[in-house]
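Q: File data.cif follows (mmCIF, C-alpha atoms and all ligand atoms):
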```
data_structure
#
loop_
_atom_site.label_atom_id
_atom_site.label_comp_id
_atom_site.auth_asym_id
_atom_site.auth_seq_id
_atom_site.Cartn_x
_atom_site.Cartn_y
_atom_site.Cartn_z
CA MET A 1 99.91 72.74 115.50
CA VAL A 2 99.35 69.38 113.87
CA THR A 3 95.99 67.67 113.48
CA LYS A 4 94.57 64.86 111.41
CA GLU A 5 91.34 66.88 111.06
CA PRO A 6 90.94 68.61 107.70
CA TYR A 7 89.33 71.63 109.42
CA PRO A 8 90.44 74.30 111.89
CA LEU A 9 88.91 74.22 115.40
CA TYR A 10 85.17 73.57 115.61
CA SER A 11 82.87 72.81 118.51
CA ALA A 12 81.70 69.22 118.89
CA CYS A 13 79.23 70.56 121.46
CA ILE A 14 76.98 72.09 118.80
CA LEU A 15 77.17 69.34 116.19
CA ALA A 16 73.67 68.20 117.24
CA ASP A 17 72.31 71.66 116.39
CA TYR A 18 73.90 71.37 112.96
CA ILE A 19 72.47 67.86 112.46
CA ALA A 20 69.05 69.20 113.48
CA ASP A 21 69.37 72.05 110.96
CA ARG A 22 69.12 74.63 113.71
CA ILE A 23 72.40 76.27 112.72
CA PRO A 24 74.27 76.53 109.42
CA ARG A 25 77.48 74.52 108.98
CA GLN A 26 79.78 77.54 109.28
CA ARG A 27 78.49 78.21 112.82
CA VAL A 28 80.26 75.12 114.22
CA PHE A 29 83.67 76.63 113.50
CA LEU A 30 85.39 78.51 116.32
CA ARG A 31 88.52 79.56 114.41
CA THR A 32 89.48 80.12 110.82
CA ALA A 33 92.82 79.17 109.27
CA GLU A 34 93.55 82.94 109.11
CA ASP A 35 93.12 83.24 112.91
CA TYR A 36 96.04 80.83 113.37
CA ALA A 37 98.17 82.67 110.85
CA ARG A 38 97.46 85.97 112.60
CA ALA A 39 98.48 84.41 115.94
CA GLY A 40 101.75 83.20 114.45
CA ILE A 41 100.75 79.54 114.60
CA GLU A 42 101.55 77.26 111.70
CA LEU A 43 98.48 75.03 111.35
CA MET A 44 99.07 71.69 109.65
CA LEU A 45 95.68 70.20 108.75
CA ALA A 46 94.98 66.62 107.63
CA ARG A 47 98.39 65.51 108.97
CA PRO A 48 97.97 62.39 111.10
CA VAL A 49 100.99 61.75 113.31
CA LEU A 50 101.76 58.05 112.91
CA ASP A 51 104.65 57.62 115.29
CA TRP A 52 106.51 59.40 118.05
CA SER A 53 110.08 59.17 119.30
CA PRO A 54 110.50 60.89 122.67
CA GLU A 55 114.24 60.12 122.59
CA ARG A 56 114.76 61.89 119.27
CA HIS A 57 112.09 64.56 119.89
CA MET A 58 110.46 63.61 116.59
CA LEU A 59 106.94 63.14 115.25
CA TYR A 60 106.50 61.08 112.10
CA PHE A 61 103.98 61.39 109.26
CA ASP A 62 103.55 59.01 106.33
CA ASP A 63 105.65 61.37 104.22
CA GLY A 64 107.95 63.21 106.59
CA ALA A 65 108.79 64.15 110.16
CA LEU A 66 108.78 67.11 112.52
CA ARG A 67 111.29 67.89 115.23
CA TYR A 68 110.21 69.64 118.42
CA ASP A 69 111.84 71.00 121.56
CA ARG A 70 108.70 70.74 123.66
CA LEU A 71 105.54 68.79 122.94
CA VAL A 72 101.92 69.11 124.03
CA ILE A 73 99.86 65.98 123.39
CA ALA A 74 96.17 66.83 122.94
CA THR A 75 94.96 63.87 120.91
CA GLY A 76 91.54 63.83 122.60
CA SER A 77 89.28 60.83 122.51
CA ARG A 78 87.85 58.29 120.10
CA PRO A 79 84.51 56.49 120.14
CA LEU A 80 84.37 53.16 121.92
CA ILE A 81 83.30 50.59 119.32
CA PRO A 82 83.33 46.96 120.44
CA PRO A 83 83.56 44.25 117.76
CA VAL A 84 79.80 43.99 117.12
CA PRO A 85 79.09 42.27 113.77
CA GLY A 86 78.00 44.76 111.09
CA ILE A 87 79.76 47.94 112.22
CA GLU A 88 81.48 48.24 108.82
CA LYS A 89 78.17 48.77 106.98
CA ASP A 90 77.25 52.06 105.30
CA GLY A 91 74.94 54.00 107.55
CA PHE A 92 76.80 53.11 110.76
CA VAL A 93 78.07 56.37 112.29
CA ALA A 94 80.01 56.73 115.53
CA LEU A 95 79.35 60.42 116.20
CA LYS A 96 82.54 62.30 117.08
CA THR A 97 83.59 64.63 114.28
CA LEU A 98 82.11 67.16 111.88
CA ARG A 99 82.50 64.54 109.15
CA ASP A 100 80.25 62.18 111.16
CA ALA A 101 77.69 64.98 111.52
CA ASP A 102 77.88 65.57 107.74
CA LEU A 103 77.22 61.85 107.17
CA LEU A 104 74.13 62.00 109.40
CA ARG A 105 72.85 65.09 107.62
CA MET A 106 73.25 63.38 104.26
CA ALA A 107 71.68 60.08 105.35
CA HIS A 108 68.48 58.98 103.61
CA GLY A 109 65.69 56.90 105.06
CA LYS A 110 63.17 57.15 107.85
CA ASN A 111 64.31 54.89 110.69
CA ALA A 112 67.25 55.80 112.94
CA VAL A 113 68.55 53.75 115.85
CA VAL A 114 70.78 55.48 118.40
CA VAL A 115 72.84 53.14 120.57
CA GLY A 116 73.80 54.67 123.92
CA THR A 117 72.01 57.32 125.98
CA GLY A 118 74.82 59.55 127.16
CA PRO A 119 74.36 63.26 126.37
CA VAL A 120 75.76 62.84 122.85
CA GLY A 121 73.31 59.98 122.11
CA ILE A 122 70.33 61.87 123.50
CA GLU A 123 71.24 65.04 121.58
CA ALA A 124 71.67 63.02 118.39
CA ALA A 125 68.29 61.31 118.90
CA ILE A 126 66.56 64.67 119.43
CA ALA A 127 68.31 66.18 116.39
CA LEU A 128 67.22 63.31 114.13
CA ARG A 129 63.66 63.42 115.50
CA HIS A 130 63.66 67.14 114.79
CA ARG A 131 64.43 66.31 111.17
CA GLY A 132 61.49 63.93 110.93
CA TRP A 133 63.22 60.58 111.46
CA SER A 134 61.51 57.83 113.40
CA VAL A 135 64.00 57.35 116.24
CA SER A 136 64.62 54.41 118.59
CA VAL A 137 67.22 54.52 121.33
CA VAL A 138 68.82 51.40 122.82
CA GLU A 139 70.58 51.47 126.21
CA MET A 140 72.01 48.48 128.05
CA LEU A 141 71.59 50.09 131.49
CA ASP A 142 68.32 50.75 133.34
CA ARG A 143 68.03 54.47 132.57
CA VAL A 144 68.79 57.22 130.10
CA LEU A 145 71.79 59.50 130.76
CA PRO A 146 73.08 56.94 133.28
CA ARG A 147 76.29 58.75 134.16
CA LEU A 148 74.52 62.07 134.74
CA PHE A 149 71.27 61.28 136.54
CA ASP A 150 70.03 58.93 139.20
CA LEU A 151 66.85 57.03 138.45
CA PRO A 152 64.19 59.62 139.48
CA LEU A 153 65.34 62.43 137.18
CA ALA A 154 66.44 59.97 134.49
CA ASN A 155 62.84 58.71 134.46
CA THR A 156 61.50 62.27 134.15
CA LEU A 157 63.72 62.84 131.12
CA LYS A 158 62.84 59.45 129.61
CA ASN A 159 59.15 60.41 129.80
CA ARG A 160 59.88 63.73 128.05
CA LEU A 161 61.70 61.94 125.25
CA GLU A 162 58.93 59.36 124.82
CA LYS A 163 56.26 62.07 124.77
CA ARG A 164 58.06 63.65 121.83
CA GLY A 165 57.98 60.37 119.90
CA ILE A 166 61.38 58.79 120.67
CA ASN A 167 61.17 55.05 121.41
CA ILE A 168 63.42 54.05 124.29
CA PHE A 169 64.54 50.49 124.99
CA LEU A 170 66.38 50.11 128.30
CA ASP A 171 68.20 47.05 129.71
CA GLU A 172 68.79 45.97 126.15
CA LYS A 173 72.04 45.05 124.45
CA VAL A 174 72.84 45.39 120.75
CA LEU A 175 74.10 42.10 119.33
CA GLU A 176 74.41 42.85 115.62
CA ILE A 177 73.96 45.51 112.96
CA LEU A 178 71.78 43.91 110.29
CA GLY A 179 71.81 44.38 106.50
CA GLY A 180 73.93 43.85 103.38
CA THR A 181 76.46 46.52 102.53
CA ARG A 182 74.04 49.09 104.01
CA VAL A 183 72.54 49.14 107.48
CA GLU A 184 69.00 47.71 107.51
CA GLY A 185 68.40 47.10 111.18
CA VAL A 186 69.69 46.48 114.68
CA GLN A 187 69.36 43.14 116.46
CA THR A 188 69.23 43.47 120.24
CA ASP A 189 68.93 40.66 122.78
CA ARG A 190 65.16 41.29 122.74
CA ARG A 191 64.10 42.46 119.29
CA ALA A 192 65.03 43.50 115.75
CA LEU A 193 64.62 47.23 115.04
CA PRO A 194 64.49 48.60 111.48
CA ALA A 195 67.25 51.13 110.77
CA ASP A 196 68.50 53.12 107.79
CA VAL A 197 71.11 54.73 109.98
CA VAL A 198 72.73 53.64 113.26
CA VAL A 199 74.31 56.26 115.51
CA TRP A 200 76.76 54.56 117.86
CA VAL A 201 77.60 56.62 120.96
CA ILE A 202 78.33 54.33 123.88
CA GLY A 203 81.28 56.32 125.17
CA MET A 204 84.73 57.68 124.45
CA ARG A 205 88.22 56.43 125.23
CA PRO A 206 91.44 58.44 125.33
CA GLU A 207 93.01 58.52 121.85
CA LEU A 208 96.46 57.10 122.51
CA THR A 209 97.23 55.15 119.34
CA LEU A 210 100.21 57.47 118.86
CA LEU A 211 101.92 56.11 121.97
CA ASN A 212 104.12 53.05 121.98
CA GLU A 213 104.26 50.71 124.96
CA GLY A 214 105.79 52.33 128.04
CA GLN A 215 106.44 55.77 126.51
CA LEU A 216 104.17 57.54 129.00
CA LEU A 217 102.70 56.51 132.32
CA LEU A 218 98.95 55.93 132.10
CA GLY A 219 96.47 56.16 134.97
CA ALA A 220 94.00 53.55 136.21
CA SER A 221 91.26 54.74 133.81
CA GLY A 222 93.55 54.50 130.80
CA GLY A 223 94.28 58.23 130.29
CA ILE A 224 97.73 59.83 130.30
CA ALA A 225 98.91 60.55 133.86
CA VAL A 226 99.88 64.20 134.34
CA ASP A 227 100.86 66.29 137.33
CA ARG A 228 99.16 69.53 138.42
CA HIS A 229 101.17 71.35 135.72
CA MET A 230 99.83 68.99 133.02
CA GLN A 231 103.33 67.57 132.64
CA THR A 232 103.66 63.90 131.70
CA THR A 233 106.27 61.47 132.93
CA GLN A 234 108.48 62.42 129.91
CA GLU A 235 110.67 65.49 130.32
CA GLY A 236 109.50 68.27 127.97
CA VAL A 237 106.12 66.66 127.22
CA TRP A 238 102.79 67.99 128.46
CA ALA A 239 99.33 66.55 127.82
CA CYS A 240 95.81 67.91 128.15
CA GLY A 241 92.16 67.35 127.29
CA ASP A 242 90.20 64.15 126.79
CA CYS A 243 93.40 62.05 126.58
CA VAL A 244 94.48 62.76 130.19
CA GLU A 245 93.32 61.82 133.65
CA SER A 246 92.71 64.56 136.19
CA GLU A 247 91.35 65.03 139.68
CA ASP A 248 87.68 65.82 140.34
CA LEU A 249 87.43 69.03 142.37
CA VAL A 250 84.38 67.76 144.26
CA SER A 251 85.14 64.11 145.00
CA GLY A 252 88.94 64.26 144.81
CA CYS A 253 88.90 61.09 142.66
CA THR A 254 91.21 60.82 139.67
CA GLY A 255 89.68 59.81 136.35
CA LEU A 256 88.57 60.87 132.88
CA PHE A 257 86.50 64.06 132.73
CA MET A 258 85.95 64.43 129.03
CA LEU A 259 84.24 67.80 128.91
CA TRP A 260 84.92 70.89 126.87
CA HIS A 261 85.53 73.33 129.76
CA ASN A 262 88.01 70.97 131.45
CA ALA A 263 89.86 70.33 128.17
CA ARG A 264 90.05 74.06 127.35
CA LEU A 265 91.48 75.05 130.72
CA GLN A 266 93.95 72.15 130.66
CA GLY A 267 95.02 73.20 127.16
CA ARG A 268 95.71 76.74 128.28
CA ILE A 269 97.76 75.53 131.23
CA ALA A 270 99.69 72.89 129.31
CA GLY A 271 100.50 75.39 126.55
CA ALA A 272 101.57 78.12 128.97
CA ASN A 273 103.74 75.71 130.95
CA ALA A 274 105.36 74.28 127.83
CA ALA A 275 106.33 77.89 127.08
CA GLY A 276 107.91 78.29 130.52
CA ALA A 277 105.09 79.39 132.83
CA GLY A 278 104.39 77.60 136.12
CA LYS A 279 100.59 77.39 136.09
CA ARG A 280 98.65 74.84 138.12
CA TYR A 281 95.48 73.10 137.00
CA PRO A 282 92.97 73.34 139.87
CA GLY A 283 91.09 70.15 138.97
CA SER A 284 88.13 69.09 136.86
CA VAL A 285 84.45 69.76 137.39
CA ASN A 286 81.78 67.40 136.17
CA ILE A 287 79.15 69.82 134.86
CA THR A 288 76.86 68.79 132.06
CA THR A 289 73.81 70.59 130.76
CA ILE A 290 71.52 69.19 128.13
CA ASN A 291 68.31 70.34 126.49
CA VAL A 292 65.72 67.61 126.23
CA PHE A 293 63.48 69.28 123.66
CA ASP A 294 62.23 72.41 125.46
CA GLU A 295 63.32 71.25 128.92
CA ALA A 296 66.79 71.98 130.30
CA ALA A 297 68.55 69.48 132.54
CA ALA A 298 71.81 69.76 134.43
CA SER A 299 74.04 67.43 136.39
CA VAL A 300 76.97 68.50 138.53
CA GLY A 301 79.29 66.35 140.61
CA THR A 302 78.64 62.90 141.95
CA LEU A 303 75.67 60.53 141.52
CA ALA A 304 73.93 59.02 144.55
CA SER A 305 74.89 55.57 143.26
CA GLU A 306 78.57 56.60 143.57
CA VAL A 307 78.32 57.40 147.31
CA SER A 308 78.52 54.48 149.71
CA PRO A 309 75.07 53.59 151.13
CA GLY A 310 76.18 54.22 154.74
CA GLU A 311 77.15 57.85 154.05
CA ARG A 312 74.57 58.65 151.35
CA LYS A 313 71.64 61.03 151.76
CA VAL A 314 69.42 62.24 148.94
CA LEU A 315 66.74 64.87 148.68
CA HIS A 316 64.37 64.86 145.71
CA ARG A 317 61.90 67.73 145.43
CA ARG A 318 59.58 69.14 142.81
CA SER A 319 59.11 72.89 142.84
CA PRO A 320 57.42 75.43 140.56
CA TRP A 321 60.66 75.81 138.59
CA GLY A 322 61.30 72.10 138.11
CA GLU A 323 62.84 69.11 139.83
CA LEU A 324 65.85 69.14 142.12
CA TYR A 325 67.81 66.11 143.32
CA LEU A 326 70.58 66.68 145.83
CA VAL A 327 73.22 64.07 146.63
CA LEU A 328 74.96 64.36 149.99
CA LYS A 329 77.76 62.46 151.65
CA ASP A 330 76.86 62.93 155.31
CA THR A 331 76.39 66.72 155.45
CA CYS A 332 78.52 67.54 152.42
CA LEU A 333 76.86 68.40 149.09
CA MET A 334 78.39 66.08 146.46
CA GLY A 335 76.02 66.28 143.52
CA VAL A 336 73.15 68.31 142.11
CA GLN A 337 70.77 67.15 139.40
CA ALA A 338 68.03 69.40 138.09
CA VAL A 339 65.36 69.54 135.42
CA GLY A 340 63.71 72.87 134.62
CA ARG A 341 65.28 76.25 135.29
CA THR A 342 68.77 74.85 135.61
CA GLU A 343 70.54 78.22 135.68
CA ARG A 344 69.59 78.32 139.35
CA VAL A 345 71.87 75.34 140.00
CA GLY A 346 74.95 77.50 139.34
CA GLY A 347 74.91 78.93 142.87
CA LEU A 348 75.18 75.47 144.38
CA ILE A 349 78.41 74.68 142.56
CA GLY A 350 80.31 77.05 144.87
CA ILE A 351 78.95 75.21 147.94
CA MET A 352 79.99 71.88 146.44
CA LEU A 353 83.48 73.04 145.55
CA GLN A 354 84.06 74.55 149.00
CA GLY A 355 83.13 71.15 150.47
CA LYS A 356 81.50 72.93 153.42
CA ASP A 357 79.31 71.30 156.03
CA LEU A 358 75.89 72.14 154.59
CA ARG A 359 74.13 71.69 157.94
CA LYS A 360 76.31 74.35 159.59
CA THR A 361 75.90 76.68 156.60
CA LEU A 362 72.11 76.33 156.68
CA VAL A 363 71.87 76.79 160.44
CA ARG A 364 74.13 79.84 160.36
CA ALA A 365 72.32 81.61 157.52
CA SER A 366 69.44 83.54 159.08
CA SER A 367 67.73 83.44 155.73
CA PRO A 368 68.67 80.75 153.21
CA ALA A 369 69.18 83.49 150.65
CA ASP A 370 71.96 84.98 152.83
CA GLY A 371 74.86 83.05 151.41
CA PRO A 372 75.83 82.70 147.79
CA GLY A 373 74.03 79.74 146.27
CA LEU A 374 71.69 79.29 149.17
CA GLY A 375 68.71 80.95 147.51
CA ILE A 376 67.84 77.80 145.59
CA LEU A 377 67.72 75.90 148.89
CA ARG A 378 65.05 78.19 150.34
CA ASN A 379 62.27 75.70 149.63
CA VAL A 380 64.18 72.67 150.84
CA ARG A 381 66.01 74.11 153.87
CA LYS A 382 63.64 72.51 156.38
CA ASP A 383 63.76 69.15 154.58
CA LEU A 384 67.55 69.23 154.50
CA LEU A 385 67.87 70.05 158.19
CA HIS A 386 65.39 67.26 158.93
CA LEU A 387 67.46 64.89 156.77
CA PHE A 388 70.61 65.75 158.75
CA GLY A 389 68.72 64.94 161.96
C1 LIG A 401 79.19 65.09 119.57
C2 LIG A 401 79.86 65.61 120.80
C3 LIG A 401 79.21 66.53 121.60
C4 LIG A 401 79.82 67.03 122.76
N1 LIG A 401 79.14 67.93 123.53
C5 LIG A 401 79.73 68.42 124.64
C6 LIG A 401 79.05 69.38 125.45
O1 LIG A 401 77.90 69.76 125.17
N2 LIG A 401 79.71 69.87 126.55
C7 LIG A 401 80.97 69.46 126.87
O2 LIG A 401 81.52 69.94 127.87
N3 LIG A 401 81.62 68.56 126.13
C8 LIG A 401 81.06 68.03 125.01
N4 LIG A 401 81.73 67.12 124.24
C9 LIG A 401 83.10 66.75 124.64
C10 LIG A 401 84.10 67.78 124.13
O3 LIG A 401 83.90 67.99 122.76
C11 LIG A 401 85.51 67.26 124.41
O4 LIG A 401 85.69 67.18 125.80
C12 LIG A 401 86.58 68.17 123.81
O5 LIG A 401 86.43 68.28 122.41
C13 LIG A 401 87.94 67.61 124.13
O6 LIG A 401 88.91 68.36 123.47
P1 LIG A 401 90.32 67.74 123.13
O7 LIG A 401 91.06 68.80 122.37
O8 LIG A 401 90.93 67.14 124.32
O9 LIG A 401 90.01 66.49 122.16
P2 LIG A 401 89.35 66.39 120.74
O10 LIG A 401 88.28 67.39 120.58
O11 LIG A 401 89.03 64.95 120.57
O12 LIG A 401 90.53 66.82 119.74
C14 LIG A 401 91.66 66.01 119.56
C15 LIG A 401 92.26 66.32 118.21
O13 LIG A 401 93.47 65.58 118.06
C16 LIG A 401 93.51 65.05 116.74
N5 LIG A 401 94.38 63.87 116.75
C17 LIG A 401 94.23 62.72 117.48
N6 LIG A 401 95.23 61.85 117.21
C18 LIG A 401 96.03 62.45 116.29
C19 LIG A 401 97.19 62.05 115.61
N7 LIG A 401 97.79 60.88 115.82
N8 LIG A 401 97.72 62.92 114.69
C20 LIG A 401 97.16 64.14 114.48
N9 LIG A 401 96.05 64.56 115.10
C21 LIG A 401 95.48 63.74 116.00
C22 LIG A 401 92.06 64.74 116.43
O14 LIG A 401 91.85 64.63 115.04
C23 LIG A 401 91.37 65.93 117.04
O15 LIG A 401 91.30 67.00 116.15
C24 LIG A 401 81.13 66.59 123.10
C25 LIG A 401 81.79 65.67 122.30
C26 LIG A 401 81.18 65.17 121.16
C27 LIG A 401 81.90 64.17 120.30
#
```
Could you write out this structure as structure tokens?
A:
Amino acid sequence: MVTKEPYPLYSACILADYIADRIPRQRVFLRTAEDYARAGIELMLARPVLDWSPERHMLYFDDGALRYDRLVIATGSRPLIPPVPGIEKDGFVALKTLRDADLLRMAHGKNAVVVGTGPVGIEAAIALRHRGWSVSVVEMLDRVLPRLFDLPLANTLKNRLEKRGINIFLDEKVLEILGGTRVEGVQTDRRALPADVVVWVIGMRPELTLLNEGQLLLGASGGIAVDRHMQTTQEGVWACGDCVESEDLVSGCTGLFMLWHNARLQGRIAGANAAGAGKRYPGSVNITTINVFDEAAASVGTLASEVSPGERKVLHRRSPWGELYLVLKDTCLMGVQAVGRTERVGGLIGIMLQGKDLRKTLVRASSPADGPGLGILRNVRKDLLHLFG
């Protein structure tokens, strides 16, 4: 196993907790070097692969090469960083790795600007606020967490963040990172914000710098195209994780689903198949949970804005346990967004994945709690049936 990381496996998902000082550094690690040795895996750390020859079955380092019989490409993703002036300054951090988290923990100053309000940006903003920084967040779209929540719940979460002292600037584009050798501020198209540190998290792209032109077929979203067995278009080469495209189990659309649980399952399947098994990857599920201070939020499946207006129905309800926003395509449940006791959303995932006609399911169930996942719909059953007409 070859990686350019100097560390064995760690979880990016809890880097924000480490930045916030909620967990010690050693808690981010999921494996030790000894675990690999015990499993009979030779782990080669800090070994960037610079070139690949599929014809020769060779990987090349700056000081050597490695021959393989079968190859699994799991190069993951890298932060999207457009050529904004000033990104080379000290104090500019595109949060992806443990090293980036270390840099944020070591940063001095009082003003932090986070650019981008995806889950990583929001978690970073909360972590820095937790450590006493004055935090501003800049987002070029009209809402926070724009790929996870439609406007109503995004607004609820924005209010929570603002109440806890995070300044949020929406519909605003960063033009330049200001300062000398160190970051001193951020110039947007509306204002200049003071900054001692800039956290840049506007999205990830598949990490494919290893590939030369035409070596592997790529999909429309720029990830490696694989079949259901995670096999690429090269014989003897599998790929998995953030660098591949896969099919969404709910919508059936092919795209990038850069989430830990998808990557882990794909990795298991690619590895098993490279060793001769015939396992199939069922498809990806878009499930994201995030804690916005003491409030949990969850988003599963498709946004209302992604369903065509003619087929779209939405139901937004507040209940004692929080807010629920259901996205339907005709009578099919396509997306669930929730703020509050989000563990209750779990039951709805089964309904979404089965792609059942929700009207029929609700009519058939004598009590909404009859079927798995229907309990949460108890309070909205009437509204849903009314919505279906
Ligand atoms: C800060 C942060 C928080 C996140 N939080 C969540 C979360 O809460 N929930 C969730 O589901 N997902 C989360 N994610 C996404 C999740 O971490 C990824 O989906 C997952 O790590 C993907 O795993 P992967 O192995 O495909 O890629 P990666 O984790 O990117 O690993 C790829 C590895 O390949 C190495 N590599 C790349 N190119 C080369 C090369 N040429 N030579 C050698 N090595 C190379 C890299 O160094 C890296 O170690 C988060 C991501 C980040 C950055």
Q: Check which residues of chain A sit at most 6 Å from ligand LIG 401 (chain A) using all atoms listed in the file, and return one row each with the closest pair of atoms and their distance in Å to one decimal, ordered by chain and rising number, as a Markdown table.
A:
```
| residue | atom | partner | partner_atom | distance |
| --- | --- | --- | --- | --- |
| A:Val2 | CA | A:LIG401 | C20 | 5.7 |
| A:Thr3 | CA | A:LIG401 | N9 | 3.5 |
| A:Lys4 | CA | A:LIG401 | N9 | 4.0 |
| A:Glu5 | CA | A:LIG401 | O14 | 4.6 |
| A:Ala12 | CA | A:LIG401 | C2 | 4.5 |
| A:Cys13 | CA | A:LIG401 | N1 | 3.3 |
| A:Leu15 | CA | A:LIG401 | C1 | 5.8 |
| A:Arg47 | CA | A:LIG401 | C20 | 5.8 |
| A:Pro48 | CA | A:LIG401 | N8 | 3.6 |
| A:Val49 | CA | A:LIG401 | N8 | 3.7 |
| A:Leu50 | CA | A:LIG401 | N7 | 5.7 |
| A:Ala74 | CA | A:LIG401 | O8 | 5.4 |
| A:Thr75 | CA | A:LIG401 | O13 | 3.6 |
| A:Gly76 | CA | A:LIG401 | O9 | 3.1 |
| A:Ser77 | CA | A:LIG401 | O11 | 4.6 |
| A:Leu95 | CA | A:LIG401 | C1 | 5.8 |
| A:Lys96 | CA | A:LIG401 | C27 | 3.8 |
| A:Val120 | CA | A:LIG401 | C3 | 5.2 |
| A:Leu210 | CA | A:LIG401 | N7 | 5.2 |
| A:Gly241 | CA | A:LIG401 | O8 | 3.2 |
| A:Asp242 | CA | A:LIG401 | O8 | 3.9 |
| A:Met258 | CA | A:LIG401 | O4 | 4.3 |
| A:Leu259 | CA | A:LIG401 | O4 | 3.5 |
| A:Trp260 | CA | A:LIG401 | O2 | 3.7 |
| A:His261 | CA | A:LIG401 | O2 | 5.6 |
| A:Ala263 | CA | A:LIG401 | O8 | 5.1 |
```
Q: Distance atom CA of A:Ile23-atom CA of A:Arg129, one decimal place?
A: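 That distance, rounded to one decimal, is 15.8 Å.
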Q: Taking all atoms listed in the file into account, which of A:Leu265, A:Val115, A:Pro152, A:Arg205 comes nearest A:Glu172?
A: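 Using all atoms listed in the file, A:Glu172 sits closest to A:Val115.
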Q: If you count all atoms listed in the file, which residues fall within 9 Å of A:Asp142, apart from same-chain ones fewer than 3 positions away, as a compact mmCIF listing (two decimals) with C-alpha atoms, in the frame of the given file?
A:
```txt
# COMPACT_ATOMS: atom_id res chain seq x y z
CA GLU A 139 70.58 51.47 126.21
CA PRO A 146 73.08 56.94 133.28
CA LEU A 151 66.85 57.03 138.45
CA LEU A 170 66.38 50.11 128.30
CA ASP A 171 68.20 47.05 129.71
CA GLU A 172 68.79 45.97 126.15
```
Q: Give me the residues within 10 Å of A:Arg318 as a ChimeraX atom specification, counting all atoms listed in the file and dropping any in the same chain fewer than 5 places off.
A: /A:323-325,338-340,379-380
Q: Sorted by chain and rising residue number, list the residues of stretch 195-264 of chain A at most 9 Å from stretch 108-111 of chain A (counting only C-alpha atoms), each with its closest atom pair and distance in Å to one decimal, as JSON lines.
A:
```
{"residue": "A:Ala195", "atom": "CA", "partner": "A:Asn111", "partner_atom": "CA", "distance": 4.8}
{"residue": "A:Asp196", "atom": "CA", "partner": "A:Asn111", "partner_atom": "CA", "distance": 5.4}
{"residue": "A:Val197", "atom": "CA", "partner": "A:Asn111", "partner_atom": "CA", "distance": 6.8}
{"residue": "A:Val198", "atom": "CA", "partner": "A:Asn111", "partner_atom": "CA", "distance": 8.9}
```
Q: Using only C-alpha atoms, please write the residues we just selected to a file, as a CSV table (one decimal), in the coordinates of the input.
A:
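Result saved to selection-v4.csv:
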```csv
chain,number,residue,atom,x,y,z
A,195,ALA,CA,67.2,51.1,110.8
A,196,ASP,CA,68.5,53.1,107.8
A,197,VAL,CA,71.1,54.7,110.0
A,198,VAL,CA,72.7,53.6,113.3
```
Q: From the set A:Val250, A:Val237, A:Leu358, A:Leu153, which residue has the shortest atom-to-atom contact distance to A:Asp69, counting only C-alpha atoms?
A: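 For A:Asp69, the nearest of the candidates is A:Val237.
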Q: Find the spatial neighbours of A:Met204, counting all atoms listed in the file, within a cut-off of 6 Å - ignore same-chain residues fewer than 3 positions away - and output them as a tab-separated table (two decimals) with C-alpha atoms, in the frame of the given file.
A:
```tsv
chain	number	residue	atom	x	y	z
A	77	SER	CA	89.28	60.83	122.51
A	78	ARG	CA	87.85	58.29	120.10
A	79	PRO	CA	84.51	56.49	120.14
A	80	LEU	CA	84.37	53.16	121.92
```
Q: Counting only C-alpha atoms, what is within 10 Å of stretch 64-68 of chain A, bar same-chain residues fewer than 6 positions away, as a list in words?
A: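 Result of the neighbour search: Val2, Val49, Leu50, Asp51, Trp52, Ser53, Pro54, Arg56, His57, Met58 and Gly236 of chain A.
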Q: Leaving out stretch 98-105 of chain A and any residue of its chain fewer than 6 positions from it, which residues lie within 9 Å of it when counting only C-alpha atoms, given as a PyMOL selection string?
A: chain A and resi 7+10-12+15-16+18-21+28+91+128+197+199
Q: Have a look at atom CA of A:Gly222 and atom CA of A:Phe257 and let me know their distance in Å, one decimal.
A: 12.0 Å
Q: Which distance in Å separates atom CA of A:Arg312 and atom CA of A:Lys329, to one decimal?
A: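 Rounded to one decimal, the two atoms are 5.0 Å apart.
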Q: Which of these, A:Leu59, A:Leu157, A:Val307, A:Met1, has the shortest distance to A:Ala33 once you count all atoms listed in the file?
A: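 So, comparing all the options, the nearest one is A:Met1.
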Q: Please determine, counting all atoms listed in the file, which residue among A:Met230, A:Leu175, A:Pro206, A:Ile41 has the shortest atom-to-atom distance to A:Pro83.
A: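 For A:Pro83, the nearest of the candidates is A:Leu175.
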Q: For the point (100.6, 66.6, 136.1) in the file's frame, write as a list in words all residues with an atom no more than 10 Å away, counting only C-alpha atoms.
A: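 Result, sorted by chain then residue number: Ile224, Ala225, Val226, Asp227, Arg228, His229, Met230, Gln231, Thr232, Thr233, Trp238, Ala239, Cys240, Val244, Glu245, Ser246, Ala270, Arg280 and Tyr281 of chain A.
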Q: May I ask which of the residues A:Val300, A:Phe293, A:Lys158, A:Ser136 is the closest one to A:Met334, counting only C-alpha atoms?
A: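 The answer is A:Val300, which sits nearest to A:Met334.
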Q: Pick from A:Pro6, A:Gly40, A:Gly116, A:Pro309: nearest to A:Met140, with all atoms listed in the file counted?
A: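 Residue with the minimum atom-to-atom distance to A:Met140: A:Gly116.
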